[in-house]
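Trainee: I have a structure here, written as C-alpha cells, and I will follow up with some questions on it.
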Amino acid sequence: MLLVHGQPGGGEDWRELAEALASDHRVIAPDRPGWGAHPRPAGGIAENAAALARVAERCGAEPPLTVVGHSLGGGIALELALSRPDLVGALVLVGSVGVSAALSGLDRLLAVPIVGDGLVRAGGAAIRRAAGAVRRIPDRWPAGHLARRATTLPTVRAVLSSAAGDGLLGRARASFLAEQRALIEETPSLQRRLPLLRVPVAVAHGRSDRVVPLAAARLLAEQIPGAELVVFEGEGHLLAFERTAEVAALVRRYARMARGGMPG
C-alpha cells in the first residue's frame, strides 16, 4: 500500500492509518518532494506521481499497489494510476482533489504570485494564534480531545510552527505555494483524463468537509468509471484521522479488489 499525503504535510501524517494496516499489509508512506525529510524541492502533480513511482520501485513494492491519497495527494494518486497503470491496482481517494469544482476562489488566489505568499503568511499567523485556544478546550467537551489531537499532526504542526525556516515561514511555505500553482494549472488536464481510469476507485469524503466540498467528491466519482462514493456523516477534511478504523476497512476492501478478489 502506498499512502500519499496532502499539503502541508508529511508521511508521518499517516501514522495511525499505517499502524492499522500494517498487521497484514506492507505500507509505504513517504514524504513527498518539498516536505519533511525529502531533499528535493516541491513539484507539480505529474512530478509527484513520477517521484512516487520511483519510491515504490526502490522499495521493491510488488504491483498491483493500493494507493491512498488525501486532498492534493488524491490528485497525485490519480495521476499515478493514469501514468503508471502497471503499478496501480486500486485507489482510495480521501477528501481528494481531481476536478475543477474542488478548487475554491481562495485556492485560485493562493496560486497568484505575491498575493498567495501574503495570504499564506497571514493565514499561518492566524492559525497559530488560534492554536492556544484549541489546546485549552476542556477534555469533557466533545470536540476538545479531537481538536488537541489534531494539533499533533505534522500537517497542522507545519502551520503552527513559529520558528524561522519552519512551518509556513520557510521551505514549507515555498512548497505549499509551488504545489498550489500546480494544482490550478494541472487539474483541468487531470479531470479530462478521469474517464480513462480502469482500476477500482473509492471516493471517501466527510459530509462536513469545508476544504473540498462534497459536491466536488460527487462529481469526481461520477467521472471515474465504476467509482464508489463513500460519505462519512459528520466528518471533515481530516477523515483518515477522524475515522481511522473505518477508512482502514475501506482500504483493505479495495486492496482485495486490486488483487482480483471479491470486494466484500
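Just so we're on the same page: first chain in the C-alpha cells is A, next is B, and so on; residues restart at 1 for each chain, and ligands are numbered from 1 in the order they show up.
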Fewer than 6 positions away in the same chain doesn't count, so skip those; otherwise give me all residues within 8 Å of Ala46 (chain A), counting only C-alpha atoms, as JSON, numbers by chain.
Mentor: {"A": [76, 79, 80]}
Trainee: Can you check which parts of region 211-239 of chain A lie within 10 Å of region 247-253 of chain A? Per residue, the shortest pair of atoms and distance in Å to one decimal, counting only C-alpha atoms, sorted by chain and number, as a Markdown table.
Mentor:
```
| residue | atom | partner | partner_atom | distance |
| --- | --- | --- | --- | --- |
| A:Val230 | CA | A:Leu250 | CA | 9.1 |
| A:Phe232 | CA | A:Val247 | CA | 9.7 |
| A:Leu239 | CA | A:Val247 | CA | 7.9 |
```
Trainee: Keeping only C-alpha atoms, take the residues you just selected and write them out as a tab-separated table (two decimals), in the first residue's frame.
Mentor:
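What landed in out-v2.tsv:
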```
chain	number	residue	atom	x	y	z
A	230	VAL	CA	-18.42	6.68	0.39
A	232	PHE	CA	-18.91	9.74	6.23
A	239	LEU	CA	-11.24	11.97	7.54
```
Trainee: Which residues come within 7 Å of Met1 (chain A), counting only C-alpha atoms, excluding same-chain residues fewer than 3 positions away, as a VMD selection string?
Mentor: chain A and resid 25 to 28 65 to 67
Trainee: Restricting the calculation to only C-alpha atoms: of A:Val68, A:Asp31, A:Ala42, A:Leu103, which residue gets closest to Pro188 (chain A)?
Mentor: A:Leu103
Trainee: Any idea what's packed within 12 Å of Val99 (chain A), counting only C-alpha atoms, ignoring anything in its chain fewer than 5 positions away? Could you give it as number ranges by chain?
Mentor: A: 71-72, 74-75, 78, 104, 183-194, 212-224
Trainee: Any idea what the distance is between CA of Leu52 (chain A) and CA of Asp13 (chain A)?
Mentor: 16.5 Å
Trainee: Please, what distance in Å, to one decimal, runs between CA of Ala245 (chain A) and CA of Glu16 (chain A)?
Mentor: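 It comes out at 9.2 Å.
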Trainee: So how many Å separate CA of Arg171 (chain A) and CA of Pro39 (chain A), to one decimal?
Mentor: 11.0 Å
Trainee: May I have the residues within 7 Å of Leu229 (chain A) as a PyMOL selection string, using only C-alpha atoms and disregarding those fewer than 2 positions away in the same chain?
Mentor: chain A and resi 202-204+218+221+227+231
Trainee: Selection from above, N, CA and C atoms, as a tab-separated table (two decimals), in the first residue's frame, can you write it?
Mentor:
```
chain	number	residue	atom	x	y	z
A	202	ALA	N	-12.38	4.17	-4.86
A	202	ALA	CA	-13.29	4.64	-3.82
A	202	ALA	C	-13.03	6.11	-3.59
A	203	VAL	N	-14.08	6.92	-3.60
A	203	VAL	CA	-14.00	8.35	-3.27
A	203	VAL	C	-14.61	8.51	-1.89
A	204	ALA	N	-13.76	8.62	-0.87
A	204	ALA	CA	-14.20	8.73	0.52
A	204	ALA	C	-14.22	10.20	0.92
A	218	ARG	N	-18.72	14.19	-5.34
A	218	ARG	CA	-19.74	13.53	-6.15
A	218	ARG	C	-19.36	13.60	-7.63
A	221	ALA	N	-16.48	11.19	-8.41
A	221	ALA	CA	-16.93	9.80	-8.51
A	221	ALA	C	-17.70	9.56	-9.81
A	227	ALA	N	-16.59	4.19	-10.12
A	227	ALA	CA	-16.13	4.64	-8.81
A	227	ALA	C	-17.25	4.58	-7.78
A	231	VAL	N	-19.59	8.33	1.75
A	231	VAL	CA	-19.73	9.57	2.52
A	231	VAL	C	-19.79	9.25	4.00
```
Trainee: Looking at only C-alpha atoms, which of A:Pro30, A:Gly9, A:Gly73, A:Pro64 is the one that sits closest to Gly44 (chain A)?
Mentor: A:Gly73
Trainee: Could you check which of A:Gly11, A:Pro41, A:Gly206, A:Gly236 is closest to Leu177 (chain A), using only C-alpha atoms?
Mentor: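 Of all the options, A:Pro41 lies closest to Leu177 (chain A).
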Trainee: Of the residues A:Asn48, A:Gln180, A:Ser100, A:Ser83, which is the one nearest to His5 (chain A), using only C-alpha atoms?
Mentor: A:Asn48
Trainee: Which residue, A:Val4, A:Ala53, A:Ala255, A:Val97, has the smallest gap to Leu82 (chain A) when you use only C-alpha atoms?
Mentor: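 The shortest atom-to-atom distance to Leu82 (chain A) comes from A:Ala53.
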